[in-house]
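Listing of my_file_22.txt; format and content: compact mmCIF, C-alpha atoms and all ligand atoms.
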```
# COMPACT_ATOMS: atom_id res chain seq x y z
CA MET A 1 80.72 74.54 109.02
CA SER A 2 79.22 77.42 111.01
CA PRO A 3 80.18 81.07 110.40
CA ARG A 4 82.16 80.84 113.65
CA GLY A 5 84.10 77.86 112.37
CA TRP A 6 84.87 79.67 109.12
CA ALA A 7 85.95 82.71 111.10
CA LEU A 8 88.45 80.58 113.05
CA VAL A 9 89.84 79.13 109.81
CA THR A 10 90.05 82.62 108.26
CA LEU A 11 91.82 84.06 111.28
CA ALA A 12 94.36 81.22 111.20
CA GLY A 13 94.90 81.79 107.46
CA LEU A 14 95.36 85.54 107.86
CA THR A 15 97.77 85.06 110.76
CA VAL A 16 99.90 82.64 108.72
CA ALA A 17 99.86 85.06 105.75
CA LEU A 18 100.89 87.93 108.00
CA VAL A 19 103.77 85.96 109.50
CA VAL A 20 104.95 84.76 106.07
CA VAL A 21 104.80 88.26 104.53
CA ALA A 22 106.63 89.77 107.51
CA ALA A 23 109.22 86.98 107.57
CA LEU A 24 109.98 87.23 103.85
CA LEU A 25 109.71 90.96 103.17
CA ILE A 26 111.12 92.59 106.32
CA PRO A 27 114.95 92.63 106.34
CA TRP A 28 115.23 91.02 109.80
CA HIS A 29 118.83 89.94 109.60
CA ARG A 30 120.66 93.20 109.26
CA PRO A 31 123.87 93.21 111.27
CA PRO A 32 123.59 95.97 113.92
CA ALA A 33 125.93 98.92 113.66
CA PRO A 34 128.98 98.12 115.86
CA ARG A 35 128.41 99.46 119.40
CA ALA A 36 132.03 100.67 119.55
CA ASP A 37 131.32 102.90 116.52
CA GLN A 38 128.11 104.09 118.17
CA LEU A 39 129.94 105.09 121.34
CA ALA A 40 132.67 106.80 119.31
CA ALA A 41 129.96 108.70 117.39
CA LEU A 42 128.33 109.72 120.67
CA ARG A 43 131.66 111.08 121.93
CA ASP A 44 132.11 113.07 118.70
CA LEU A 45 128.79 114.87 119.11
CA PRO A 46 128.93 118.25 120.86
CA ALA A 47 128.13 117.71 124.55
CA GLU A 48 125.63 120.57 124.65
CA GLN A 49 123.72 119.12 121.67
CA VAL A 50 123.43 115.74 123.41
CA ALA A 51 122.37 117.41 126.66
CA LYS A 52 119.76 119.58 124.95
CA GLY A 53 118.26 116.62 123.04
CA ARG A 54 118.04 114.58 126.24
CA GLU A 55 116.53 117.48 128.16
CA PHE A 56 113.89 118.01 125.46
CA ARG A 57 112.98 114.32 125.29
CA ALA A 58 112.78 114.18 129.10
CA ALA A 59 110.48 117.22 129.04
CA LEU A 60 108.12 115.46 126.61
CA ARG A 61 108.08 112.16 128.47
CA PRO A 62 105.76 112.74 131.49
CA GLY A 63 102.93 114.21 129.38
CA GLY A 64 103.40 111.70 126.60
CA TYR A 65 103.13 108.63 128.78
CA THR A 66 100.38 110.11 130.94
CA ALA A 67 98.37 110.78 127.77
CA LEU A 68 98.93 107.17 126.72
CA ALA A 69 97.75 105.90 130.12
CA VAL A 70 94.76 108.25 130.28
CA GLY A 71 93.75 107.32 126.72
CA LEU A 72 93.89 103.64 127.67
CA LEU A 73 91.92 104.16 130.89
CA VAL A 74 89.20 106.13 129.08
CA ALA A 75 88.94 103.48 126.35
CA LEU A 76 88.64 100.76 129.00
CA ALA A 77 86.15 102.77 131.07
CA LEU A 78 83.93 103.31 128.02
CA GLY A 79 84.35 99.82 126.58
CA LEU A 80 84.41 97.52 129.60
CA THR A 81 81.61 99.21 131.52
CA PRO A 82 78.10 100.16 130.30
CA LEU A 83 79.19 103.85 130.18
CA GLY A 84 80.15 103.77 126.50
CA SER A 85 77.05 101.91 125.32
CA ARG A 86 74.92 104.44 127.23
CA LEU A 87 76.77 107.30 125.50
CA VAL A 88 76.00 105.80 122.07
CA GLU A 89 72.35 105.38 123.11
CA VAL A 90 72.03 108.98 124.35
CA VAL A 91 73.56 110.41 121.17
CA GLY A 92 71.18 108.34 119.01
CA ARG A 93 68.07 109.23 121.02
CA PRO A 94 67.11 112.47 119.18
CA PHE A 95 66.95 110.32 116.02
CA GLY A 96 64.63 107.77 117.58
CA GLY A 97 67.57 105.46 118.28
CA HIS A 98 67.98 104.81 114.52
CA TRP A 99 70.88 102.43 113.94
CA ALA A 100 72.64 104.79 111.53
CA ALA A 101 72.54 107.67 114.06
CA GLN A 102 73.85 105.39 116.79
CA ALA A 103 76.53 104.00 114.50
CA VAL A 104 77.83 107.27 113.03
CA LEU A 105 77.09 109.94 115.65
CA GLY A 106 77.45 107.57 118.62
CA GLY A 107 80.70 106.19 117.23
CA LEU A 108 82.12 109.65 116.57
CA ALA A 109 81.05 110.77 120.07
CA VAL A 110 83.05 107.91 121.62
CA VAL A 111 86.14 108.92 119.62
CA LEU A 112 85.58 112.59 120.46
CA VAL A 113 85.48 111.87 124.20
CA ALA A 114 88.85 110.10 123.93
CA ASP A 115 90.25 113.02 121.91
CA LEU A 116 88.98 115.65 124.35
CA VAL A 117 90.36 113.84 127.39
CA THR A 118 93.83 113.76 125.85
CA LEU A 119 93.55 117.31 124.42
CA PRO A 120 95.22 118.95 127.46
CA PHE A 121 98.23 116.69 126.95
CA ALA A 122 98.39 117.59 123.27
CA ALA A 123 98.32 121.29 124.21
CA TRP A 124 100.99 120.71 126.82
CA ARG A 125 103.15 118.95 124.22
CA GLN A 126 102.72 121.92 121.90
CA SER A 127 103.84 124.25 124.71
CA VAL A 128 107.02 122.17 125.16
CA LEU A 129 107.69 122.22 121.40
CA THR A 130 107.24 126.00 121.39
CA ARG A 131 109.45 126.48 124.44
CA TYR A 132 112.25 124.55 122.74
CA GLY A 133 111.77 126.50 119.51
CA LEU A 134 110.74 123.46 117.47
CA SER A 135 107.20 124.61 116.73
CA THR A 136 106.73 127.83 114.81
CA ASN A 137 103.01 127.91 114.07
CA GLY A 138 101.73 129.52 117.31
CA TRP A 139 98.58 128.58 119.16
CA SER A 140 96.15 129.65 116.44
CA GLY A 141 98.03 127.68 113.80
CA TRP A 142 98.12 124.69 116.15
CA ALA A 143 94.35 124.93 116.75
CA VAL A 144 93.65 125.20 113.01
CA ASP A 145 95.77 122.09 112.34
CA LEU A 146 93.96 120.26 115.14
CA LEU A 147 90.51 121.16 113.77
CA LYS A 148 91.59 120.15 110.26
CA SER A 149 92.76 116.76 111.49
CA TYR A 150 89.53 116.31 113.49
CA ALA A 151 87.56 117.12 110.34
CA VAL A 152 89.54 114.67 108.20
CA SER A 153 89.13 111.87 110.77
CA ALA A 154 85.43 112.66 111.27
CA VAL A 155 84.76 112.27 107.54
CA ILE A 156 86.74 109.02 107.25
CA GLY A 157 85.28 107.75 110.55
CA ALA A 158 81.69 108.49 109.53
CA VAL A 159 82.09 106.62 106.24
CA ALA A 160 83.80 103.65 107.95
CA LEU A 161 81.22 103.48 110.77
CA PHE A 162 78.26 103.69 108.42
CA GLY A 163 79.76 101.09 106.08
CA PHE A 164 80.64 98.71 108.91
CA TYR A 165 77.21 98.71 110.56
CA ALA A 166 75.39 98.68 107.22
CA VAL A 167 77.27 95.48 106.33
CA ILE A 168 76.33 93.98 109.70
CA ARG A 169 72.65 94.65 108.96
CA LEU A 170 72.88 93.26 105.43
CA ALA A 171 74.79 90.11 106.42
CA PRO A 172 74.12 89.41 110.09
CA ARG A 173 75.91 86.03 110.05
CA TRP A 174 78.79 86.76 107.68
CA TRP A 175 79.51 90.44 108.37
CA TRP A 176 82.95 89.60 109.72
CA ALA A 177 84.02 88.32 106.30
CA PHE A 178 82.85 91.49 104.50
CA GLY A 179 84.14 93.59 107.38
CA ALA A 180 87.60 92.00 107.10
CA ALA A 181 87.70 92.64 103.35
CA GLY A 182 86.45 96.20 103.89
CA ALA A 183 89.07 96.90 106.57
CA ALA A 184 91.84 95.64 104.28
CA LEU A 185 90.53 97.83 101.43
CA LEU A 186 90.30 100.83 103.73
CA VAL A 187 93.94 100.41 104.78
CA MET A 188 95.01 100.33 101.12
CA LEU A 189 92.85 103.34 100.29
CA LEU A 190 94.24 105.33 103.22
CA SER A 191 97.80 104.42 102.29
CA PHE A 192 97.67 105.22 98.57
CA VAL A 193 94.88 107.73 98.10
CA LEU A 194 94.88 109.67 101.36
CA PRO A 195 98.35 111.21 101.03
CA VAL A 196 97.36 112.71 97.69
CA LEU A 197 94.09 114.07 99.07
CA VAL A 198 95.21 115.08 102.56
CA GLU A 199 98.71 116.48 102.02
CA PRO A 200 97.35 119.65 100.34
CA VAL A 201 95.04 120.26 103.33
CA PHE A 202 98.07 120.84 105.55
CA ASN A 203 100.84 122.05 103.23
CA ARG A 204 101.49 123.85 100.00
CA PHE A 205 103.80 122.27 97.46
CA THR A 206 105.83 124.11 94.86
CA PRO A 207 108.26 122.61 92.31
CA MET A 208 111.87 122.99 93.38
CA GLU A 209 113.55 125.75 91.38
CA GLN A 210 115.81 124.71 88.52
CA GLY A 211 119.43 124.41 89.56
CA PRO A 212 122.26 121.97 90.26
CA LEU A 213 120.54 120.37 93.29
CA ARG A 214 117.33 119.63 91.43
CA THR A 215 119.28 118.25 88.47
CA GLU A 216 121.37 116.07 90.80
CA LEU A 217 118.28 114.69 92.59
CA MET A 218 116.45 113.89 89.35
CA SER A 219 119.50 112.21 87.80
CA MET A 220 120.22 110.25 91.01
CA ALA A 221 116.64 108.93 90.97
CA ALA A 222 117.00 107.90 87.32
CA ARG A 223 120.36 106.26 88.05
CA ASP A 224 118.72 104.36 90.92
CA GLY A 225 116.00 103.04 88.61
CA VAL A 226 113.33 104.95 90.55
CA PRO A 227 112.41 107.75 88.14
CA VAL A 228 110.46 110.62 89.70
CA ARG A 229 108.20 113.09 87.95
CA ASP A 230 109.11 116.08 90.03
CA VAL A 231 110.88 117.39 93.12
CA LEU A 232 108.48 119.41 95.26
CA VAL A 233 109.15 121.70 98.21
CA ALA A 234 106.63 121.65 101.09
CA ASP A 235 106.15 124.81 103.17
CA ALA A 236 106.73 122.92 106.42
CA SER A 237 108.36 125.97 108.02
CA ARG A 238 104.85 127.31 108.63
CA ARG A 239 104.57 125.03 111.64
CA THR A 240 107.92 123.49 112.45
CA ARG A 241 111.67 123.84 112.35
CA ALA A 242 112.01 120.06 111.97
CA VAL A 243 113.54 118.80 108.70
CA ASN A 244 112.33 115.89 106.59
CA ALA A 245 111.80 114.54 103.08
CA TYR A 246 109.78 111.72 101.58
CA VAL A 247 108.80 110.05 98.32
CA SER A 248 105.10 109.70 97.57
CA GLY A 249 102.99 108.40 94.72
CA LEU A 250 103.59 105.33 92.57
CA GLY A 251 105.03 104.85 89.07
CA PRO A 252 104.28 107.87 86.88
CA THR A 253 102.97 109.98 89.79
CA ARG A 254 106.02 109.41 91.99
CA ARG A 255 107.51 112.58 93.38
CA VAL A 256 110.16 113.58 95.86
CA VAL A 257 108.99 116.03 98.52
CA VAL A 258 111.53 117.96 100.61
CA TYR A 259 110.67 120.28 103.48
CA ASP A 260 111.67 123.90 102.88
CA THR A 261 113.31 123.68 106.32
CA LEU A 262 115.64 120.98 104.99
CA LEU A 263 116.76 123.18 102.09
CA ARG A 264 117.35 126.04 104.49
CA GLU A 265 119.28 124.05 107.11
CA ALA A 266 121.25 121.44 105.18
CA THR A 267 124.00 121.46 102.56
CA PRO A 268 123.14 120.14 99.06
CA ALA A 269 125.18 116.96 99.72
CA GLU A 270 123.13 116.34 102.87
CA VAL A 271 119.83 116.91 101.07
CA THR A 272 121.04 114.40 98.48
CA ALA A 273 121.75 111.88 101.27
CA VAL A 274 118.21 112.28 102.66
CA VAL A 275 116.60 111.90 99.25
CA ALA A 276 118.78 108.82 98.55
CA HIS A 277 117.37 107.28 101.74
CA GLU A 278 113.81 108.01 100.54
CA LEU A 279 114.57 106.50 97.12
CA GLY A 280 115.62 103.35 99.02
CA HIS A 281 112.10 103.15 100.46
CA ALA A 282 110.62 103.53 96.98
CA LYS A 283 112.97 100.99 95.43
CA ASP A 284 112.23 98.33 98.06
CA SER A 285 108.47 99.08 97.89
CA ASP A 286 108.45 99.71 101.64
CA VAL A 287 105.12 101.55 101.47
CA ALA A 288 103.54 98.65 99.57
CA VAL A 289 104.90 96.09 102.06
CA GLY A 290 103.75 98.22 104.98
CA THR A 291 100.32 98.54 103.39
CA LEU A 292 100.10 94.79 102.78
CA THR A 293 100.99 93.91 106.38
CA GLY A 294 98.62 96.64 107.60
CA ALA A 295 95.79 95.29 105.42
CA LEU A 296 96.32 91.71 106.59
CA GLY A 297 96.53 92.89 110.20
CA ALA A 298 93.32 94.93 109.89
CA ALA A 299 91.44 92.00 108.33
CA ALA A 300 92.69 89.65 111.07
CA ALA A 301 91.65 92.21 113.70
CA VAL A 302 88.05 92.33 112.41
CA VAL A 303 87.77 88.53 112.51
CA ALA A 304 89.37 88.42 115.97
CA LEU A 305 86.92 91.08 117.21
CA TYR A 306 84.02 89.00 115.87
CA LEU A 307 85.29 85.89 117.69
CA LEU A 308 86.10 87.75 120.93
CA GLY A 309 82.75 89.51 120.66
CA SER A 310 80.81 86.33 121.21
CA TRP A 311 82.42 85.92 124.61
CA GLY A 312 79.67 86.39 127.23
CA PRO A 313 81.63 87.92 130.11
CA LEU A 314 83.02 90.66 127.84
CA LEU A 315 79.55 91.53 126.52
CA ARG A 316 78.13 91.61 130.05
CA LEU A 317 80.87 94.03 131.14
CA ALA A 318 79.99 96.33 128.24
CA GLY A 319 76.26 96.01 128.93
CA VAL A 320 75.39 94.82 125.39
CA ASP A 321 73.82 91.65 123.95
CA SER A 322 75.95 91.40 120.83
CA VAL A 323 79.14 92.83 119.46
CA ALA A 324 77.26 93.58 116.25
CA GLN A 325 75.26 96.43 117.84
CA PRO A 326 76.44 100.03 117.42
CA ARG A 327 76.17 100.20 121.23
CA ALA A 328 79.07 97.72 121.38
CA PHE A 329 81.37 100.08 119.43
CA PRO A 330 83.10 101.34 122.64
CA LEU A 331 83.96 97.70 123.44
CA LEU A 332 85.61 97.38 120.02
CA VAL A 333 87.54 100.60 120.63
CA ALA A 334 88.79 99.28 123.99
CA LEU A 335 89.99 96.01 122.43
CA VAL A 336 91.67 97.80 119.51
CA THR A 337 93.40 100.24 121.89
CA VAL A 338 94.87 97.40 123.95
CA ALA A 339 95.93 95.54 120.80
CA GLY A 340 97.60 98.71 119.48
CA LEU A 341 99.66 99.15 122.63
CA VAL A 342 100.74 95.50 122.53
CA ALA A 343 101.61 95.64 118.82
CA ALA A 344 103.58 98.92 119.06
CA PRO A 345 107.00 97.42 119.86
CA VAL A 346 106.66 94.85 117.04
CA GLN A 347 105.73 97.58 114.55
CA ALA A 348 108.62 99.73 115.81
CA LEU A 349 111.07 96.85 115.33
CA MET A 350 109.85 96.20 111.76
CA SER A 351 110.09 99.92 110.99
CA ARG A 352 113.67 100.17 112.34
CA ARG A 353 114.80 97.25 110.18
CA VAL A 354 113.27 98.81 107.07
CA GLU A 355 114.80 102.21 107.89
CA ALA A 356 118.25 100.66 108.37
CA ARG A 357 117.95 99.10 104.91
CA ALA A 358 117.05 102.50 103.41
CA ASP A 359 120.13 103.97 105.13
CA ALA A 360 122.32 101.26 103.58
CA HIS A 361 120.75 102.06 100.21
CA ALA A 362 121.53 105.76 100.63
CA LEU A 363 125.17 105.04 101.48
CA ALA A 364 125.58 102.75 98.48
CA LEU A 365 123.77 105.13 96.10
CA THR A 366 125.66 108.29 97.06
CA GLY A 367 128.95 106.65 98.09
CA ASP A 368 129.25 109.60 100.45
CA PRO A 369 129.34 108.46 104.10
CA VAL A 370 130.67 111.85 105.22
CA ALA A 371 127.58 113.72 103.96
CA PHE A 372 125.37 110.95 105.34
CA GLU A 373 126.89 111.24 108.79
CA SER A 374 126.76 115.03 108.86
CA MET A 375 123.11 114.80 107.77
CA GLN A 376 122.40 112.49 110.71
CA ARG A 377 124.08 114.95 113.07
CA ARG A 378 122.01 117.75 111.64
CA LEU A 379 118.75 115.79 111.81
CA GLY A 380 119.51 114.99 115.44
CA SER A 381 120.39 118.55 116.36
CA VAL A 382 117.55 120.32 114.49
CA ASN A 383 114.89 117.79 115.57
CA LEU A 384 116.32 117.77 119.14
CA GLY A 385 116.61 114.00 119.31
CA ASP A 386 118.35 111.99 122.00
CA PRO A 387 121.20 110.54 119.89
CA ASP A 388 121.33 107.40 122.08
CA PRO A 389 117.90 107.08 123.76
CA PRO A 390 117.08 104.86 126.76
CA ARG A 391 116.88 101.22 125.71
CA TRP A 392 113.31 100.61 126.92
CA GLU A 393 111.97 103.62 125.05
CA TYR A 394 113.92 102.68 121.93
CA LEU A 395 112.54 99.13 122.01
CA TYR A 396 108.96 100.26 122.64
CA SER A 397 108.59 103.10 120.19
CA ALA A 398 111.62 104.05 118.07
CA SER A 399 110.61 103.94 114.40
CA HIS A 400 114.17 104.69 113.23
CA PRO A 401 117.63 103.55 114.31
CA SER A 402 119.14 106.02 116.77
CA THR A 403 121.39 108.85 115.56
CA VAL A 404 124.50 107.09 116.87
CA GLU A 405 123.46 103.84 115.16
CA ARG A 406 123.03 105.67 111.86
CA MET A 407 126.36 107.47 112.25
CA ALA A 408 127.99 104.13 113.11
CA ALA A 409 126.48 102.56 109.99
CA ALA A 410 128.11 105.32 107.91
CA ARG A 411 131.48 104.69 109.60
CA ALA A 412 131.21 100.94 109.02
CA TYR A 413 130.38 101.62 105.36
CA ALA A 414 133.36 103.98 105.00
CA ARG A 415 135.68 101.25 106.39
CA GLU A 416 134.24 98.66 104.00
CA ALA A 417 134.49 101.02 101.04
CA GLY A 418 138.06 102.02 101.92
CA ARG A 419 139.21 98.44 101.82
ZN ZN B 501 112.99 106.35 106.10
```

Before we go any further, please render this structure as structure tokens.
Ligand SMILES: [Zn+2]
Amino acid sequence: MSPRGWALVTLAGLTVALVVVAALLIPWHRPPAPRADQLAALRDLPAEQVAKGREFRAALRPGGYTALAVGLLVALALGLTPLGSRLVEVVGRPFGGHWAAQAVLGGLAVVLVADLVTLPFAAWRQSVLTRYGLSTNGWSGWAVDLLKSYAVSAVIGAVALFGFYAVIRLAPRWWWAFGAAGAALLVMLLSFVLPVLVEPVFNRFTPMEQGPLRTELMSMAARDGVPVRDVLVADASRRTRAVNAYVSGLGPTRRVVVYDTLLREATPAEVTAVVAHELGHAKDSDVAVGTLTGALGAAAAVVALYLLGSWGPLLRLAGVDSVAQPRAFPLLVALVTVAGLVAAPVQALMSRRVEARADAHALALTGDPVAFESMQRRLGSVNLGDPDPPRWEYLYSASHPSTVERMAAARAYAREAGR
């Protein structure tokens, strides 16, 4: 069988694996929170809080969707016309058109163009966040964060680009197989190693001071069978008023991280509810499942790009002879951008199901639906969410159930428990 034939078989195998993993490990069949409870929860929220959340979300919308559209147009303009391949060529020229210069510098230039075109929208978003009092880091802090994230992505991007095109040169007929394995490995590396390396670039972490809350959180984790080494406080207030918590690390390195904003804004019972939700993620290995589906998806994407990349009309549009050239990188970016936009609602749906399961875990672990509901109210009001967002936006991009859904889940739990 030819490499192309094997690629088809591999793509079919990866697709089946992805579907099986998603079907078995994502809790698809969670009963939705009763709509009557959701509407009752919405009525119970202060009208001005609902109005402010909706106003804020509406203020973000035009820039957000324009940025999405502009990003897509730029990716298509670079990838489906010879513009992008020419850019890669020009950037590689001072180095005699060496493949490594084209691959790394040309590739980064393509990404940089896309970043710069959407930069005004990012700045505009920051101005909205500041106007609504959600961002606290000021323009210089914002710029420093932006440069840090550019630097982190440039380092990872350079390594990935060099590795990818080096493999193509070493195995011109079978690069897609190595590329697929490499992409899967990279996803795992980014998921498990990156948080440990990158978190300290953006935040400082200090152990939570000894006291009843810390004791309660540690003992709850032990009771849940998810022992944690430490409870850390992140200095998130440097840049935001938003509140959050998460669990990171595996096994002996597992730790609970709470934002200092959460400790400042919420009652101890509410902090406990948030941490119980995060322990649910750890207990159900949600990060591992997400990483597995991401790795399978990335491997399938590389094989699909290889197969699509032998399609003549596409190559002619991009002005390249083969998808394996660094000059064809903009074409790959265009295809990946389109695939990302198409996959977004599916990823959002999977995420909402997993989040709803973590909510159910939190309710069962704490047995305190009142604290859970007041935490949801607080999250919604501090983070200026729309408690019951427009359906289309919810379906396309909501990673979590809405505030009223989460409040309704608490009410349904309270009824069940009272029985
Ligand atoms: Zn969660």

ask   = So how many Å separate CA of Thr403 (chain A) and CA of Ala236 (chain A), to one decimal?
value = 22.3 Å

query = So which residues are near ligand ZN 501 (chain B), meaning at most 12 Å away with all atoms listed in the file counted, given back as a PyMOL selection string?
reply = chain A and resi 244-247+273-287+351-362+399-401+406

Listed atoms of region 268-276 of chain A boxed along x, y and z, 8 Å each side, centre and edge lengths in Å, one decimal, as lines of an AutoDock Vina configuration file:
```
center_x = 120.9
center_y = 114.5
center_z = 100.7
size_x = 24.6
size_y = 27.3
size_z = 20.4
```

message = Between A:Ala114, A:Ala324, A:Ala343, A:Leu307, which residue has the minimum interatomic distance to Leu170 (chain A), considering all atoms listed in the file?
response =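 Ranking A:Ala114, A:Ala324, A:Ala343, A:Leu307 by distance to Leu170 (chain A), first place goes to A:Ala324.
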
Sphere at (108.2, 113.4, 92.4), radius 6 Å, counting only C-alpha atoms: residues as a ChimeraX atom specification = /A:228-231,254-256

request  = Provide the CA of Asp145 (chain A) to CA of Phe202 (chain A) distance in Å, to one decimal place.
outcome  =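 Here the two named atoms are 7.3 Å from each other.
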
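Minimum atom-to-atom distances from A:Val128, A:Leu341, A:Leu24, A:Ala40 to Met407 (chain A) were compared using all atoms listed in the file, and the lowest value belongs to A:Ala40.
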
For region 306-314 of chain A, supply all heavy atoms and report the output as a short mmCIF file (atom, residue, chain, number, x, y, z; two decimals), in the frame of the given file.
```cif
data_model
loop_
_atom_site.label_atom_id
_atom_site.label_comp_id
_atom_site.auth_asym_id
_atom_site.auth_seq_id
_atom_site.Cartn_x
_atom_site.Cartn_y
_atom_site.Cartn_z
N TYR A 306 85.26 89.78 116.00
CA TYR A 306 84.02 89.00 115.87
C TYR A 306 84.05 87.80 116.83
O TYR A 306 83.09 87.53 117.56
CB TYR A 306 83.85 88.54 114.42
CG TYR A 306 82.86 87.42 114.23
CD1 TYR A 306 81.49 87.66 114.23
CD2 TYR A 306 83.30 86.10 114.03
CE1 TYR A 306 80.58 86.63 114.05
CE2 TYR A 306 82.40 85.07 113.84
CZ TYR A 306 81.04 85.33 113.85
OH TYR A 306 80.15 84.31 113.68
N LEU A 307 85.18 87.09 116.84
CA LEU A 307 85.29 85.89 117.69
C LEU A 307 85.28 86.27 119.17
O LEU A 307 84.56 85.66 119.97
CB LEU A 307 86.56 85.12 117.33
CG LEU A 307 86.51 84.41 115.97
CD1 LEU A 307 87.89 83.91 115.56
CD2 LEU A 307 85.51 83.25 116.01
N LEU A 308 86.07 87.29 119.53
CA LEU A 308 86.10 87.75 120.93
C LEU A 308 84.73 88.27 121.35
O LEU A 308 84.33 88.14 122.50
CB LEU A 308 87.11 88.90 121.07
CG LEU A 308 88.48 88.60 121.62
CD1 LEU A 308 89.29 89.88 121.64
CD2 LEU A 308 88.38 88.02 123.02
N GLY A 309 84.03 88.86 120.38
CA GLY A 309 82.75 89.51 120.66
C GLY A 309 81.63 88.55 120.96
O GLY A 309 80.53 88.99 121.29
N SER A 310 81.86 87.26 120.83
CA SER A 310 80.81 86.33 121.21
C SER A 310 81.07 85.78 122.62
O SER A 310 80.41 84.86 123.08
CB SER A 310 80.71 85.18 120.20
OG SER A 310 81.98 84.58 120.08
N TRP A 311 82.05 86.38 123.28
CA TRP A 311 82.42 85.92 124.61
C TRP A 311 81.53 86.63 125.64
O TRP A 311 81.61 87.85 125.80
CB TRP A 311 83.90 86.24 124.84
CG TRP A 311 84.49 85.54 126.01
CD1 TRP A 311 84.17 84.30 126.49
CD2 TRP A 311 85.50 86.05 126.88
NE1 TRP A 311 84.92 84.00 127.58
CE2 TRP A 311 85.76 85.05 127.85
CE3 TRP A 311 86.23 87.24 126.94
CZ2 TRP A 311 86.70 85.22 128.87
CZ3 TRP A 311 87.16 87.40 127.94
CH2 TRP A 311 87.40 86.40 128.88
N GLY A 312 80.69 85.85 126.32
CA GLY A 312 79.67 86.39 127.23
C GLY A 312 80.17 87.38 128.27
O GLY A 312 79.63 88.49 128.36
N PRO A 313 81.19 87.02 129.04
CA PRO A 313 81.63 87.92 130.11
C PRO A 313 81.99 89.32 129.60
O PRO A 313 81.70 90.33 130.25
CB PRO A 313 82.88 87.21 130.68
CG PRO A 313 82.68 85.78 130.35
CD PRO A 313 81.93 85.74 129.06
N LEU A 314 82.62 89.38 128.42
CA LEU A 314 83.02 90.66 127.84
C LEU A 314 81.78 91.50 127.50
O LEU A 314 81.72 92.70 127.78
CB LEU A 314 83.85 90.39 126.58
CG LEU A 314 85.01 91.31 126.23
CD1 LEU A 314 85.93 91.53 127.41
CD2 LEU A 314 85.78 90.73 125.06
#
```
